[in-house]
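Worksheet: one structure, shown below.
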Amino acid sequence: MSHAVHALRAARLARSVKPFLARGSRAARCEQCRLASSHCLCAWKPQVSARAGVCLVMHDVEALKPSNTGWLIADVVADTSAFGWSRTEVDPALPALLDDEQWQPYLVFPGEYAEPERVVTSVEATEGKRPLFVLLDATWTQARKMFRKSPYLDSLPVLSLQPETLSRYRLRRSKRDDHLCTAEVAAMCLELAGDERAADALNAYLDVFSAHYLASKAPRAVDLDDALHQRLKPFL
């Protein structure tokens, strides 16, 4: 089933003047999970509910990358929106979403980059509103630029997370182990919002996705009975 990141990817491909060639682009891939067909993840998609929503603001080619984890968030959280980021243009649906009275939006970013009066470290329940976590899906360098040059986000409270563990994400390298991937950040936000089951499902799904992705590159078979898959099974 299609979701917001799938739709954004299709729109980005439609306006491309040349093909996007990611590593392993010659492999036959599943259209739904983007992994090599031999290592398809579709049967392992969690079936959980969440009260919170997620708004992904994605840098230019993020939706095209097979390693992108924003896709996993959209698989797990039904109310996930996805928008491409541009310095000079903004999809009018994005500020409209942020102004929608059903949502209490939080811009998730390290507090050290925001004015102290904007920074919060917890999610406060507001009657009649649901938390909406705005995530900048990009490399760290790109995300800092997006944070500075997106004036329509300037009025939002900045939710500053304090991760207690190092990143488990193994598909891209970061200069710092405390830089989490987008799905890890989303799982922390869900937990703060009281959506613990969805948070646990997303974390388990990320680990299984990483295992399938790396096995497809080797290539080698995936052990569908290992501890990672067993941890995900209760959410299917």
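Chain lettering (A, B, ...) mirrors the order of the structure tokens, residue numbering begins at 1 for each chain separately, and ligand numbering begins at 1 in order of display.
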Item to check | Members of segment 2-166 of chain A assigned strand (DSSP E or B) by DSSP, as an NGL selection string | outcome: :A and (29 or 36 or 53-58 or 80-84 or 103-108 or 119-120 or 130-137 or 158-159)
Selection above as a file: N, CA, C and O atoms, as a compact mmCIF listing (two decimals), in the first residue's frame:
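Below is the file result_19.txt, written as the result:
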# COMPACT_ATOMS: atom_id res chain seq x y z
N ARG A 29 14.32 -4.62 -7.53
CA ARG A 29 13.85 -4.19 -6.22
C ARG A 29 12.34 -4.29 -6.10
O ARG A 29 11.61 -4.09 -7.07
N ALA A 36 16.09 -5.28 -2.37
CA ALA A 36 16.21 -6.29 -3.42
C ALA A 36 15.09 -7.30 -3.25
O ALA A 36 14.77 -7.71 -2.12
N GLY A 53 1.37 11.91 15.19
CA GLY A 53 1.66 11.93 13.76
C GLY A 53 3.09 12.38 13.53
O GLY A 53 3.75 12.91 14.43
N VAL A 54 3.56 12.16 12.31
CA VAL A 54 4.92 12.56 11.93
C VAL A 54 4.85 13.35 10.63
O VAL A 54 4.12 12.97 9.70
N CYS A 55 5.59 14.43 10.58
CA CYS A 55 5.72 15.23 9.36
C CYS A 55 7.19 15.21 8.96
O CYS A 55 8.04 15.77 9.65
N LEU A 56 7.48 14.55 7.85
CA LEU A 56 8.85 14.47 7.34
C LEU A 56 9.09 15.59 6.34
O LEU A 56 8.35 15.73 5.36
N VAL A 57 10.10 16.40 6.59
CA VAL A 57 10.55 17.40 5.63
C VAL A 57 11.87 16.89 5.08
O VAL A 57 12.89 16.88 5.77
N MET A 58 11.83 16.42 3.83
CA MET A 58 12.93 15.62 3.29
C MET A 58 13.77 16.41 2.30
O MET A 58 13.24 17.06 1.39
N THR A 80 1.51 9.88 8.76
CA THR A 80 2.81 10.43 8.36
C THR A 80 2.64 11.21 7.07
O THR A 80 2.09 10.69 6.10
N SER A 81 3.10 12.45 7.09
CA SER A 81 3.12 13.29 5.89
C SER A 81 4.57 13.47 5.46
O SER A 81 5.48 13.40 6.28
N ALA A 82 4.79 13.71 4.17
CA ALA A 82 6.15 13.88 3.67
C ALA A 82 6.17 15.02 2.65
O ALA A 82 5.34 15.05 1.73
N PHE A 83 7.12 15.92 2.80
CA PHE A 83 7.27 17.07 1.93
C PHE A 83 8.73 17.21 1.51
O PHE A 83 9.63 17.03 2.33
N GLY A 84 8.95 17.53 0.25
CA GLY A 84 10.30 17.84 -0.20
C GLY A 84 10.68 19.24 0.26
O GLY A 84 9.83 20.14 0.30
N TRP A 103 -3.56 19.29 15.54
CA TRP A 103 -2.18 18.92 15.83
C TRP A 103 -1.50 19.91 16.76
O TRP A 103 -1.72 21.11 16.69
N GLN A 104 -0.60 19.39 17.59
CA GLN A 104 0.36 20.18 18.35
C GLN A 104 1.74 19.86 17.80
O GLN A 104 2.34 18.84 18.14
N PRO A 105 2.26 20.71 16.87
CA PRO A 105 3.53 20.37 16.23
C PRO A 105 4.74 20.67 17.10
O PRO A 105 4.77 21.65 17.84
N TYR A 106 5.74 19.80 16.97
CA TYR A 106 7.05 19.98 17.60
C TYR A 106 8.11 19.80 16.52
O TYR A 106 8.10 18.79 15.81
N LEU A 107 9.01 20.75 16.40
CA LEU A 107 10.16 20.60 15.51
C LEU A 107 11.26 19.89 16.28
O LEU A 107 11.75 20.39 17.31
N VAL A 108 11.64 18.72 15.83
CA VAL A 108 12.61 17.90 16.57
C VAL A 108 14.02 18.24 16.09
O VAL A 108 14.38 17.98 14.93
N VAL A 119 12.97 25.92 23.31
CA VAL A 119 13.38 24.54 23.55
C VAL A 119 12.51 23.88 24.62
O VAL A 119 12.29 24.44 25.70
N VAL A 120 12.03 22.67 24.30
CA VAL A 120 11.32 21.83 25.27
C VAL A 120 11.96 20.44 25.25
O VAL A 120 12.60 20.06 24.27
N ARG A 130 -3.28 16.43 19.06
CA ARG A 130 -2.39 15.27 19.02
C ARG A 130 -0.98 15.75 18.67
O ARG A 130 -0.82 16.68 17.88
N PRO A 131 0.04 15.12 19.22
CA PRO A 131 1.42 15.54 18.89
C PRO A 131 1.73 15.28 17.41
O PRO A 131 1.36 14.23 16.87
N LEU A 132 2.40 16.23 16.80
CA LEU A 132 2.89 16.08 15.43
C LEU A 132 4.37 16.38 15.44
O LEU A 132 4.78 17.52 15.70
N PHE A 133 5.18 15.39 15.16
CA PHE A 133 6.63 15.55 15.21
C PHE A 133 7.17 15.87 13.83
O PHE A 133 7.02 15.08 12.89
N VAL A 134 7.77 17.05 13.71
CA VAL A 134 8.34 17.50 12.44
C VAL A 134 9.81 17.11 12.43
O VAL A 134 10.61 17.61 13.24
N LEU A 135 10.18 16.23 11.50
CA LEU A 135 11.55 15.72 11.42
C LEU A 135 12.20 16.18 10.13
O LEU A 135 11.60 16.06 9.04
N LEU A 136 13.40 16.70 10.22
CA LEU A 136 14.18 17.11 9.05
C LEU A 136 14.98 15.90 8.59
O LEU A 136 15.95 15.51 9.25
N ASP A 137 14.57 15.31 7.49
CA ASP A 137 15.17 14.05 7.02
C ASP A 137 16.25 14.38 6.00
O ASP A 137 15.95 14.68 4.83
N VAL A 158 10.87 23.69 19.80
CA VAL A 158 11.93 22.76 19.38
C VAL A 158 12.08 21.68 20.45
O VAL A 158 12.46 21.96 21.59
N LEU A 159 11.74 20.46 20.07
CA LEU A 159 11.86 19.32 20.97
C LEU A 159 13.28 18.79 20.90
O LEU A 159 13.71 18.27 19.87
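Using only C-alpha atoms, the nearest neighbour of Ala204 of chain A within the list A:Leu72, A:Ala43, A:Leu98, A:Val90 is A:Leu72.
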Next on the checklist: I want to know what sits within 10 Å of Lys233 of chain A, based on only C-alpha atoms, with residues of the same chain fewer than 2 positions away left out; could you give that as a PyMOL selection string?
Outcome noted: chain A and resi 44-46+201+204-205+225+228-231+235-236
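Distance annotation: of A:Val5, A:Ala78, A:Ile73, A:Leu224, the residue with the minimal separation from Asn203 of chain A is A:Ile73; atom set is only C-alpha atoms.
Contact shell of Met188 of chain A at 9 Å (only C-alpha atoms; same-chain neighbours under 5 positions omitted): A:Leu161, A:Pro163, A:Ala183, A:Ala193, A:Ala199.
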Item to check | Arg34 of chain A environment, 9 Å, only C-alpha atoms, sequence neighbours closer than 6 positions dropped, as a list in words | outcome: Cys40, Leu41, Lys65, Pro66 and Ser67 of chain A
Next on the checklist: Give me, as a list in words, all polymer residues having an atom no more than 9 Å from Tyr113 of chain A, counting only C-alpha atoms and skipping those fewer than 6 positions away in the same chain.
Outcome noted: Arg144, Phe147 and Arg148 of chain A
Next on the checklist: I need the residues in segment 12-225 of chain A that are helix (DSSP H, G or I) according to DSSP; give them as a ChimeraX atom specification.
Outcome noted: /A:12-14,37-39,42-44,62-64,70-76,93-99,111-113,116-118,140-148,151-153,182-192,196-217
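Counting from atom CA of Ala96 of chain A, the distance to atom CA of Asp75 of chain A is 23.1 Å.
Of the listed residues (A:Ala52, A:Leu94, A:Ala74, A:Ala215), A:Leu94 comes nearest to Ser150 of chain A; the distances count only C-alpha atoms.
Atom CA of His6 of chain A is found 15.7 Å from atom CA of Trp85 of chain A.
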